[in-house]
file my_file-v1.cif (mmCIF, C-alpha atoms)
data_entry
loop_
_atom_site.label_atom_id
_atom_site.label_comp_id
_atom_site.auth_asym_id
_atom_site.auth_seq_id
_atom_site.Cartn_x
_atom_site.Cartn_y
_atom_site.Cartn_z
CA MET A 1 0.00 0.00 0.00
CA VAL A 2 1.19 3.50 -0.82
CA VAL A 3 -0.44 6.86 -0.12
CA ILE A 4 -0.75 9.16 -3.13
CA LYS A 5 -1.11 12.92 -2.86
CA ALA A 6 -2.15 14.85 -5.95
CA PHE A 7 -1.75 18.59 -6.53
CA GLY A 8 -2.83 21.34 -8.89
CA GLN A 9 -4.14 20.21 -12.22
CA VAL A 10 -3.56 16.52 -11.49
CA LYS A 11 -5.64 16.78 -8.31
CA GLU A 12 -8.54 18.11 -10.36
CA GLN A 13 -8.07 15.46 -13.04
CA VAL A 14 -8.04 12.50 -10.64
CA GLY A 15 -10.81 14.15 -8.64
CA MET A 16 -9.17 13.88 -5.22
CA GLY A 17 -6.20 15.24 -3.29
CA GLU A 18 -5.26 11.96 -1.61
CA PHE A 19 -5.88 8.29 -2.27
CA ARG A 20 -4.30 4.90 -1.66
CA ILE A 21 -3.15 2.16 -3.97
CA GLU A 22 -3.30 -1.28 -2.39
CA GLU A 23 -1.44 -3.09 -5.19
CA GLU A 24 2.26 -3.80 -4.70
CA MET A 25 4.46 -1.54 -6.84
CA GLN A 26 8.08 -2.47 -7.44
CA ASN A 27 9.31 0.99 -8.33
CA VAL A 28 8.34 4.42 -9.62
CA LYS A 29 8.13 3.09 -13.16
CA SER A 30 5.54 0.45 -12.17
CA LEU A 31 3.55 3.22 -10.50
CA ARG A 32 3.71 5.34 -13.67
CA THR A 33 2.41 2.40 -15.71
CA TYR A 34 -0.40 1.83 -13.21
CA LEU A 35 -1.40 5.51 -13.24
CA SER A 36 -1.23 5.79 -17.05
CA ASP A 37 -3.60 2.83 -17.35
CA LYS A 38 -6.00 4.19 -14.75
CA TYR A 39 -5.94 7.86 -15.87
CA PRO A 40 -5.09 7.82 -19.59
CA ALA A 41 -6.28 11.43 -20.07
CA ILE A 42 -3.45 12.87 -17.96
CA SER A 43 -0.17 13.67 -19.76
CA TRP A 44 2.02 11.81 -17.28
CA SER A 45 5.26 12.71 -19.03
CA SER A 46 5.04 16.21 -17.57
CA VAL A 47 4.17 15.01 -14.06
CA ALA A 48 7.08 14.47 -11.67
CA ILE A 49 6.80 11.91 -8.90
CA ALA A 50 8.11 12.42 -5.40
CA VAL A 51 8.65 9.63 -2.89
CA ASN A 52 8.69 10.65 0.75
CA LYS A 53 9.03 14.33 -0.24
CA GLN A 54 11.99 13.88 -2.59
CA TYR A 55 11.87 13.94 -6.38
CA ALA A 56 12.24 10.34 -7.57
CA GLN A 57 13.44 8.55 -10.69
CA ASP A 58 11.78 5.66 -12.52
CA GLN A 59 14.13 3.03 -11.06
CA ASP A 60 13.66 4.17 -7.43
CA PRO A 61 12.00 1.36 -5.42
CA LEU A 62 8.71 1.79 -3.55
CA HIS A 63 8.02 0.45 -0.10
CA GLN A 64 4.94 -0.22 1.98
CA GLY A 65 3.59 3.04 3.40
CA ASP A 66 5.59 5.38 1.16
CA GLU A 67 4.15 8.85 0.65
CA ILE A 68 3.94 9.46 -3.08
CA ALA A 69 3.21 12.87 -4.62
CA LEU A 70 2.06 13.57 -8.16
CA ILE A 71 3.69 16.86 -9.12
CA PRO A 72 2.49 18.65 -12.26
CA PRO A 73 4.75 21.44 -13.59
CA VAL A 74 5.39 23.79 -10.68
CA SER A 75 4.42 27.45 -11.04
CA GLY A 76 5.31 29.17 -7.78
CA GLY A 77 6.57 32.72 -7.51
CA MET B 1 28.39 87.86 -3.98
CA VAL B 2 27.84 84.12 -3.93
CA VAL B 3 26.38 81.91 -1.20
CA ILE B 4 28.51 78.92 -0.24
CA LYS B 5 27.13 75.80 1.42
CA ALA B 6 29.57 73.33 2.93
CA PHE B 7 28.88 69.72 3.83
CA GLY B 8 30.38 66.80 5.71
CA GLN B 9 34.07 67.02 6.40
CA VAL B 10 34.46 70.37 4.61
CA LYS B 11 31.73 71.90 6.77
CA GLU B 12 33.68 70.89 9.87
CA GLN B 13 36.96 72.16 8.39
CA VAL B 14 35.65 75.61 7.43
CA GLY B 15 33.71 75.72 10.69
CA MET B 16 30.33 76.65 9.21
CA GLY B 17 27.63 75.19 6.98
CA GLU B 18 26.92 78.38 5.04
CA PHE B 19 28.81 81.59 4.32
CA ARG B 20 29.07 84.32 1.67
CA ILE B 21 31.91 85.52 -0.46
CA GLU B 22 31.53 89.18 -1.45
CA GLU B 23 34.45 89.21 -3.93
CA GLU B 24 33.59 88.88 -7.64
CA MET B 25 34.52 85.44 -9.00
CA GLN B 26 34.80 84.91 -12.73
CA ASN B 27 34.34 81.16 -12.73
CA VAL B 28 34.63 77.99 -10.68
CA LYS B 29 38.40 78.00 -11.13
CA SER B 30 38.72 81.46 -9.55
CA LEU B 31 36.61 80.24 -6.65
CA ARG B 32 38.86 77.21 -6.20
CA THR B 33 41.93 79.48 -6.11
CA TYR B 34 40.23 81.75 -3.55
CA LEU B 35 39.25 78.79 -1.33
CA SER B 36 42.68 77.14 -1.55
CA ASP B 37 44.30 80.39 -0.38
CA LYS B 38 41.83 80.86 2.46
CA TYR B 39 41.68 77.20 3.63
CA PRO B 40 45.03 75.67 2.68
CA ALA B 41 44.55 72.69 5.03
CA ILE B 42 41.67 71.28 2.95
CA SER B 43 42.56 68.91 0.10
CA TRP B 44 40.49 70.74 -2.50
CA SER B 45 41.32 68.31 -5.31
CA SER B 46 38.87 65.81 -3.81
CA VAL B 47 36.11 68.39 -3.27
CA ALA B 48 33.58 68.79 -6.09
CA ILE B 49 31.84 72.10 -6.61
CA ALA B 50 28.17 72.46 -7.50
CA VAL B 51 26.63 75.65 -8.87
CA ASN B 52 22.90 76.01 -8.40
CA LYS B 53 22.61 72.32 -7.48
CA GLN B 54 24.48 70.96 -10.51
CA TYR B 55 28.02 69.60 -10.54
CA ALA B 56 30.22 72.27 -12.18
CA GLN B 57 33.51 72.36 -14.09
CA ASP B 58 36.41 74.80 -13.62
CA GLN B 59 35.49 76.89 -16.66
CA ASP B 60 31.82 77.32 -15.66
CA PRO B 61 31.09 81.02 -15.00
CA LEU B 62 29.75 82.31 -11.69
CA HIS B 63 27.03 84.93 -11.35
CA GLN B 64 25.81 87.21 -8.62
CA GLY B 65 23.66 85.25 -6.16
CA ASP B 66 24.68 81.78 -7.32
CA GLU B 67 24.29 78.99 -4.79
CA ILE B 68 27.63 77.20 -4.53
CA ALA B 69 28.10 73.90 -2.72
CA LEU B 70 31.37 72.37 -1.56
CA ILE B 71 30.97 68.63 -1.98
CA PRO B 72 33.52 66.32 -0.37
CA PRO B 73 33.53 62.69 -1.56
CA VAL B 74 29.97 61.43 -1.21
CA SER B 75 29.31 58.37 0.96
CA GLY B 76 25.58 57.76 0.87
CA GLY B 77 23.98 54.34 0.94
CA MET C 1 14.54 30.83 7.21
CA VAL C 2 12.08 29.25 4.77
CA LYS C 3 8.35 29.48 5.32
CA ILE C 4 4.89 29.07 3.82
CA VAL C 5 2.61 31.86 5.06
CA ASP C 6 -0.85 33.28 4.52
CA THR C 7 0.24 36.90 4.14
CA ILE C 8 3.57 38.62 3.62
CA ASP C 9 4.75 41.46 5.88
CA LEU C 10 7.93 43.10 4.55
CA ASN C 11 8.78 44.95 7.76
CA LYS C 12 8.73 41.64 9.64
CA LEU C 13 10.85 39.96 6.98
CA TYR C 14 13.35 42.83 7.16
CA LYS C 15 13.91 41.93 10.82
CA ASP C 16 14.50 38.29 9.90
CA LEU C 17 17.01 39.28 7.25
CA VAL C 18 19.01 42.13 8.73
CA HIS C 19 22.32 41.21 10.35
CA PRO C 20 24.89 43.36 12.20
CA ALA C 21 27.64 42.22 9.82
CA ALA C 22 25.55 42.96 6.70
CA GLY C 23 25.84 46.25 4.85
CA GLY C 24 22.82 45.57 2.74
CA LEU C 25 20.14 43.24 1.65
CA CYS C 26 18.50 42.42 -1.63
CA LEU C 27 14.88 41.33 -1.80
CA PHE C 28 12.79 40.06 -4.67
CA VAL C 29 9.04 40.25 -4.19
CA GLY C 30 6.79 38.44 -6.64
CA THR C 31 3.43 40.14 -7.07
CA VAL C 32 0.18 39.35 -8.84
CA ARG C 33 0.18 40.82 -12.33
CA ASP C 34 -3.08 41.89 -13.96
CA ASN C 35 -2.44 40.03 -17.21
CA THR C 36 -0.83 36.98 -18.73
CA GLU C 37 -0.33 36.60 -22.45
CA SER C 38 -2.69 39.56 -22.87
CA LYS C 39 -5.56 38.01 -20.91
CA GLU C 40 -6.84 39.93 -17.91
CA VAL C 41 -6.12 38.19 -14.60
CA THR C 42 -8.42 38.92 -11.66
CA ASP C 43 -6.90 36.69 -8.95
CA LEU C 44 -4.39 33.95 -8.37
CA PHE C 45 -4.76 30.94 -6.14
CA PHE C 46 -1.65 29.22 -4.75
CA GLU C 47 -1.52 25.64 -3.54
CA THR C 48 1.56 23.92 -2.12
CA TYR C 49 2.81 20.56 -1.03
CA ASP C 50 3.88 22.20 2.21
CA GLU C 51 6.40 19.81 3.71
CA MET C 52 8.17 19.12 0.43
CA ALA C 53 8.12 22.81 -0.53
CA ILE C 54 9.93 23.61 2.71
CA LEU C 55 12.53 20.90 2.01
CA GLU C 56 13.10 22.11 -1.56
CA MET C 57 13.38 25.76 -0.47
CA GLU C 58 15.86 24.74 2.23
CA LYS C 59 17.99 22.98 -0.43
CA ILE C 60 18.06 26.12 -2.56
CA ARG C 61 18.88 28.20 0.51
CA GLN C 62 21.85 25.95 1.34
CA GLU C 63 23.08 26.07 -2.25
CA ALA C 64 23.05 29.88 -2.15
CA ILE C 65 24.94 29.87 1.16
CA GLU C 66 27.61 27.64 -0.43
CA LYS C 67 27.89 29.77 -3.59
CA TRP C 68 28.05 33.26 -2.04
CA LYS C 69 29.24 34.81 1.20
CA LEU C 70 25.88 35.62 2.81
CA GLU C 71 24.76 36.48 6.31
CA LYS C 72 21.10 35.48 6.11
CA VAL C 73 18.84 33.97 3.47
CA ILE C 74 15.04 33.87 3.54
CA MET C 75 12.47 32.31 1.22
CA VAL C 76 8.81 32.89 2.01
CA HIS C 77 5.87 31.90 -0.18
CA ALA C 78 2.24 32.78 0.42
CA ILE C 79 -0.67 30.43 -0.25
CA GLY C 80 -4.36 30.91 -0.87
CA LYS C 81 -6.13 33.50 -2.97
CA LYS C 82 -4.16 36.63 -3.92
CA SER C 83 -5.39 39.68 -5.80
CA VAL C 84 -3.60 41.96 -8.27
CA GLY C 85 -0.78 43.84 -6.53
CA GLU C 86 -0.51 41.53 -3.54
CA PRO C 87 2.88 39.99 -2.70
CA VAL C 88 3.01 36.22 -3.18
CA VAL C 89 6.66 35.38 -2.66
CA VAL C 90 9.69 37.03 -1.09
CA VAL C 91 13.25 35.82 -1.37
CA GLY C 92 16.10 37.79 0.10
CA VAL C 93 19.67 37.76 1.28
CA SER C 94 21.82 39.95 3.48
CA SER C 95 25.57 40.21 2.96
CA ALA C 96 28.53 42.29 4.05
CA HIS C 97 28.97 43.64 0.51
CA ARG C 98 26.24 44.28 -2.02
CA LYS C 99 28.06 42.60 -4.93
CA GLU C 100 27.01 39.18 -3.62
CA ALA C 101 23.44 40.15 -2.81
CA PHE C 102 22.04 40.61 -6.32
CA PRO C 103 23.09 37.35 -8.03
CA ALA C 104 22.30 35.38 -4.88
CA CYS C 105 18.80 36.84 -4.71
CA GLN C 106 18.17 36.17 -8.40
CA PHE C 107 19.38 32.58 -7.95
CA LEU C 108 16.84 32.03 -5.16
CA ILE C 109 13.84 33.11 -7.20
CA ASP C 110 15.02 31.39 -10.41
CA GLU C 111 15.47 28.07 -8.58
CA LEU C 112 12.26 28.42 -6.60
CA LYS C 113 10.33 28.67 -9.85
CA LYS C 114 12.00 25.50 -11.17
CA THR C 115 11.70 22.97 -8.38
CA VAL C 116 9.56 24.04 -5.41
CA PRO C 117 6.19 22.22 -5.42
CA ILE C 118 3.87 25.23 -5.49
CA TRP C 119 1.12 25.69 -8.05
CA LYS C 120 -0.68 28.74 -9.27
CA LYS C 121 -4.20 28.87 -10.68
CA GLU C 122 -5.05 31.94 -12.70
CA TYR C 123 -8.57 33.34 -12.55
CA PHE C 124 -9.77 35.33 -15.54
CA THR C 125 -13.02 37.21 -15.89
CA ASP C 126 -14.57 34.19 -17.64
CA ASN C 127 -12.66 31.09 -16.51
CA SER C 128 -9.59 29.74 -14.70
CA HIS C 129 -6.67 27.39 -15.29
CA TRP C 130 -3.62 25.94 -13.58
CA VAL C 131 -0.48 27.60 -14.89
CA SER C 132 1.89 25.33 -16.75
CA PRO C 133 5.08 27.25 -17.40
CA THR C 134 6.48 26.86 -20.88
CA PRO C 135 10.16 25.91 -20.56
CA MET D 1 9.55 58.61 -6.58
CA VAL D 2 12.72 59.93 -4.93
CA LYS D 3 12.72 61.08 -1.32
CA ILE D 4 14.80 61.99 1.71
CA VAL D 5 13.15 60.68 4.87
CA ASP D 6 13.75 60.31 8.59
CA THR D 7 12.79 56.64 8.81
CA ILE D 8 12.21 53.90 6.28
CA ASP D 9 9.03 51.80 6.25
CA LEU D 10 9.25 48.89 3.80
CA ASN D 11 5.52 48.12 3.78
CA LYS D 12 4.80 51.71 2.74
CA LEU D 13 7.48 51.61 0.06
CA TYR D 14 6.02 48.36 -1.27
CA LYS D 15 2.78 50.24 -1.94
CA ASP D 16 4.69 52.96 -3.82
CA LEU D 17 6.46 50.38 -5.93
CA VAL D 18 3.86 47.76 -6.74
CA HIS D 19 2.11 48.08 -10.09
CA PRO D 20 -0.70 46.01 -11.67
CA ALA D 21 1.45 45.35 -14.75
CA ALA D 22 4.47 44.27 -12.66
CA GLY D 23 5.10 40.62 -11.85
CA GLY D 24 7.82 41.43 -9.40
CA LEU D 25 9.98 43.95 -7.71
CA CYS D 26 13.57 44.06 -6.61
CA LEU D 27 14.64 46.09 -3.60
CA PHE D 28 18.06 46.86 -2.23
CA VAL D 29 18.14 48.03 1.39
CA GLY D 30 21.37 49.48 2.75
CA THR D 31 21.76 48.88 6.47
CA VAL D 32 24.20 49.97 9.17
CA ARG D 33 27.01 47.45 9.51
CA ASP D 34 28.71 46.94 12.89
CA ASN D 35 32.23 47.25 11.54
CA THR D 36 34.36 48.91 8.88
CA GLU D 37 37.89 47.81 8.14
CA SER D 38 37.73 45.76 11.35
CA LYS D 39 36.85 48.73 13.59
CA GLU D 40 33.63 48.47 15.56
CA VAL D 41 30.96 50.95 14.41
CA THR D 42 28.33 52.03 16.94
CA ASP D 43 26.25 54.48 14.87
CA LEU D 44 26.17 56.32 11.58
CA PHE D 45 25.08 59.88 10.97
CA PHE D 46 23.81 60.91 7.53
CA GLU D 47 23.79 64.44 6.21
CA THR D 48 22.52 65.50 2.78
CA TYR D 49 22.36 68.47 0.47
CA ASP D 50 18.64 67.81 0.18
CA GLU D 51 17.60 69.66 -2.95
CA MET D 52 20.60 68.57 -4.98
CA ALA D 53 20.36 65.00 -3.67
CA ILE D 54 16.78 64.86 -4.96
CA LEU D 55 17.87 66.20 -8.37
CA GLU D 56 20.73 63.70 -8.63
CA MET D 57 18.53 60.78 -7.59
CA GLU D 58 15.92 61.84 -10.13
CA LYS D 59 18.63 61.80 -12.86
CA ILE D 60 19.62 58.25 -11.92
CA ARG D 61 15.97 57.23 -11.83
CA GLN D 62 15.42 58.59 -15.36
CA GLU D 63 18.54 56.83 -16.63
CA ALA D 64 17.26 53.52 -15.26
CA ILE D 65 13.87 54.08 -16.90
CA GLU D 66 15.62 54.66 -20.24
CA LYS D 67 17.87 51.60 -19.90
CA TRP D 68 15.30 49.01 -18.76
CA LYS D 69 11.58 48.39 -19.19
CA LEU D 70 10.35 49.29 -15.70
CA GLU D 71 6.99 50.11 -14.20
CA LYS D 72 8.07 52.07 -11.13
CA VAL D 73 11.38 53.18 -9.66
CA ILE D 74 11.95 54.48 -6.13
CA MET D 75 15.02 55.86 -4.36
CA VAL D 76 14.68 56.77 -0.70
CA HIS D 77 17.50 57.80 1.62
CA ALA D 78 17.25 58.36 5.34
CA ILE D 79 19.08 61.10 7.23
CA GLY D 80 20.12 61.63 10.82
CA LYS D 81 21.54 59.15 13.28
CA LYS D 82 21.13 55.44 12.50
CA SER D 83 22.15 52.47 14.63
CA VAL D 84 23.45 49.04 13.64
CA GLY D 85 20.78 47.11 11.73
CA GLU D 86 18.66 50.12 10.80
CA PRO D 87 17.80 50.70 7.12
CA VAL D 88 19.42 53.82 5.66
CA VAL D 89 18.62 53.61 1.97
CA VAL D 90 16.13 51.75 -0.21
CA VAL D 91 16.22 51.62 -3.98
CA GLY D 92 13.77 49.50 -5.91
CA VAL D 93 12.11 48.81 -9.22
CA SER D 94 9.02 46.97 -10.37
CA SER D 95 8.82 45.38 -13.79
CA ALA D 96 6.70 42.99 -15.79
CA HIS D 97 9.50 40.42 -15.89
CA ARG D 98 12.12 39.83 -13.22
CA LYS D 99 15.07 39.72 -15.64
CA GLU D 100 15.08 43.54 -15.78
CA ALA D 101 14.59 44.08 -12.08
CA PHE D 102 17.95 42.89 -10.75
CA PRO D 103 20.40 44.85 -12.94
CA ALA D 104 18.19 47.94 -12.75
CA CYS D 105 18.14 47.82 -8.95
CA GLN D 106 21.90 47.32 -8.77
CA PHE D 107 22.41 50.26 -11.13
CA LEU D 108 20.38 52.51 -8.83
CA ILE D 109 22.45 51.78 -5.73
CA ASP D 110 25.79 51.82 -7.58
CA GLU D 111 25.05 55.24 -9.07
CA LEU D 112 23.60 56.63 -5.86
CA LYS D 113 26.87 55.88 -4.11
CA LYS D 114 28.84 57.69 -6.83
CA THR D 115 27.06 60.99 -7.29
CA VAL D 116 24.28 61.75 -4.81
CA PRO D 117 25.40 64.40 -2.27
CA ILE D 118 24.89 62.45 0.94
CA TRP D 119 27.58 62.01 3.56
CA LYS D 120 28.06 59.43 6.26
CA LYS D 121 29.89 59.94 9.52
CA GLU D 122 30.96 56.77 11.32
CA TYR D 123 30.95 56.71 15.10
CA PHE D 124 33.30 54.29 16.78
CA THR D 125 33.56 53.51 20.48
CA ASP D 126 36.40 56.04 20.81
CA ASN D 127 36.02 58.60 17.99
CA SER D 128 34.25 59.46 14.73
CA HIS D 129 35.08 60.40 11.14
CA TRP D 130 33.44 61.33 7.86
CA VAL D 131 33.64 58.42 5.42
CA SER D 132 35.73 59.05 2.35
CA PRO D 133 35.25 56.12 -0.01
CA THR D 134 38.44 54.82 -1.57
CA PRO D 135 37.87 54.61 -5.32
#
call {"tool": "encode", "arguments": {"input": "my_file-v1.cif", "output": "structure tokens"}}
result
Amino acid sequence: MVVIKAFGQVKEQVGMGEFRIEEEMQNVKSLRTYLSDKYPAISWSSVAIAVNKQYAQDQDPLHQGDEIALIPPVSGG
Amino acid sequence: MVVIKAFGQVKEQVGMGEFRIEEEMQNVKSLRTYLSDKYPAISWSSVAIAVNKQYAQDQDPLHQGDEIALIPPVSGG
Amino acid sequence: MVKIVDTIDLNKLYKDLVHPAAGGLCLFVGTVRDNTESKEVTDLFFETYDEMAILEMEKIRQEAIEKWKLEKVIMVHAIGKKSVGEPVVVVGVSSAHRKEAFPACQFLIDELKKTVPIWKKEYFTDNSHWVSPTP
Amino acid sequence: MVKIVDTIDLNKLYKDLVHPAAGGLCLFVGTVRDNTESKEVTDLFFETYDEMAILEMEKIRQEAIEKWKLEKVIMVHAIGKKSVGEPVVVVGVSSAHRKEAFPACQFLIDELKKTVPIWKKEYFTDNSHWVSPTP
């Protein structure tokens, strides 16, 4: 199980700011595949993924209870 | 007659913030000569002279009633 | 000091930034502009991933401290709804000499806009959208 | 806006500087440092040739407006006695894009220090002197 937080545009597109995925995910890439299947309308290539509040790469492993964030292009300032 | 305002270090060296010179002065250069004779202890080469609130050059003429300022190196900011 | 706040008070931030060994400080304040690509903007709404935004701002702050000789460095971003003219972000540095202050301050805001998880929604007279900066 | 003042209030100056068409503003604030060439400074005293200082600051302001695309430009200098940590000068610009703001703001303070008739007397624990900047 991982906890997923969604922000900005992605939050509106998935329709919620926080949800869980019960399926086991090996790494960030598996998560991307899962999300692309579930939400094909979102352009995932422009969405960064953070694991436990750090930007993550595709090969980074996921663990039970990780806090995942879906980060569309940032626009602070 | 011209009115002379002195500032900063020069004000302290001449001992007053404002004084008059009754003698006729042809231009800024004549004024510099006059001041150097009267206050030889001041290093006049580092003191700029303003006429009517504008930085002036040696050849600039002086007129009756001009407001002269003796401007030691500025140190604002 | 890095912070997410509701409203920005420059006099307070001055006190956080001033330092006895500093001869000056440089501040950049981001404000709400009334237009974007010639469309009239009425308000902005800012959302952040708070805890990660703090971590990312702290990274940028440390990088600036390594690159320049600075006394203090602050990064403060506001959240919620902001109207035209309101401050939304302040970054600033204090340093002994002003030469360091300008590039360091520019670095802070440039980096903030690249990596800190904060999002801006623009409200127009007729609709709204999340801003997606073109690279 | 150029001004000689007794005390500097950044929140007020923000209001003078902000502009609906500006996305950001850059401010430089000069403060009293506690030392100069390793001597401890207790206070500074600022004196100005008010009317000429205003004219010279206005010239610099106009030059900046010609060189960069700016919305508003302010130069404000304080006079009288100032203690360590107090603001003594603020220069600032607002502009649509931040790229212009930093060099414009640096130009304002660099030029102010060169030509504006304002003088600073440094008070040390044992004596005082008028500052004569080494070129």
call {"tool": "residues_around", "arguments": {"input": "my_file-v1.cif", "residues": "region 8-12 of chain B", "least_positions_apart": "6", "cutoff": "8 Å", "atoms": "all atoms listed in the file", "output": "MDAnalysis selection string"}}
result
(chainID B and resid 42 70:72) or (chainID D and resid 47 119:121 130)
call {"tool": "closest_residue", "arguments": {"input": "my_file-v1.cif", "among": "B:Ile21, B:Ala56, B:Leu35, B:Ala50", "to": "Ile68 (chain B)", "atoms": "only C-alpha atoms"}}
result
B:Ala50
call {"tool": "interface_residues", "arguments": {"input": "my_file-v1.cif", "of": "chain C", "to": "chain B", "cutoff": "12 Å", "atoms": "all atoms listed in the file", "output": "PDB file with C-alpha atoms, keeping the file's coordinate frame"}}
result
ATOM      1  CA  GLY C  23      25.840  46.250   4.850  1.00  0.00           C
ATOM      2  CA  GLY C  24      22.820  45.570   2.740  1.00  0.00           C
ATOM      3  CA  LEU C  25      20.140  43.240   1.650  1.00  0.00           C
ATOM      4  CA  HIS C  97      28.970  43.640   0.510  1.00  0.00           C
ATOM      5  CA  ARG C  98      26.240  44.280  -2.020  1.00  0.00           C
TER       6      ARG C  98
END
call {"tool": "resolve_selection", "arguments": {"input": "my_file-v1.cif", "expression": "the PyMOL selection byres ((chain C) within 8 of (chain D))", "output": "ChimeraX atom specification"}}
result
/C:9-11,18-35,84-85,96,102,106
call {"tool": "residues_around", "arguments": {"input": "my_file-v1.cif", "residues": "region 22-27 of chain A", "least_positions_apart": "4", "cutoff": "7 Å", "atoms": "all atoms listed in the file", "output": "JSON, numbers by chain"}}
result
{"A": [1, 2, 31, 58, 59, 60, 61, 62]}
call {"tool": "resolve_selection", "arguments": {"input": "my_file-v1.cif", "expression": "the PyMOL selection byres ((chain D and resi 3) around 12)", "output": "PyMOL selection string"}}
result
chain D and resi 1-2+4-8+13+16+48+50-58+61+73-79+89-91
call {"tool": "residues_around", "arguments": {"input": "my_file-v1.cif", "residues": "region 3-5 of chain B", "least_positions_apart": "2", "cutoff": "6 Å", "atoms": "all atoms listed in the file", "output": "PyMOL selection string"}}
result
chain B and resi 17-20+67-69
call {"tool": "atom_distance", "arguments": {"input": "my_file-v1.cif", "atom1": "CA of Asp43 (chain C)", "atom2": "CA of Met16 (chain A)"}}
result
23.2 Å
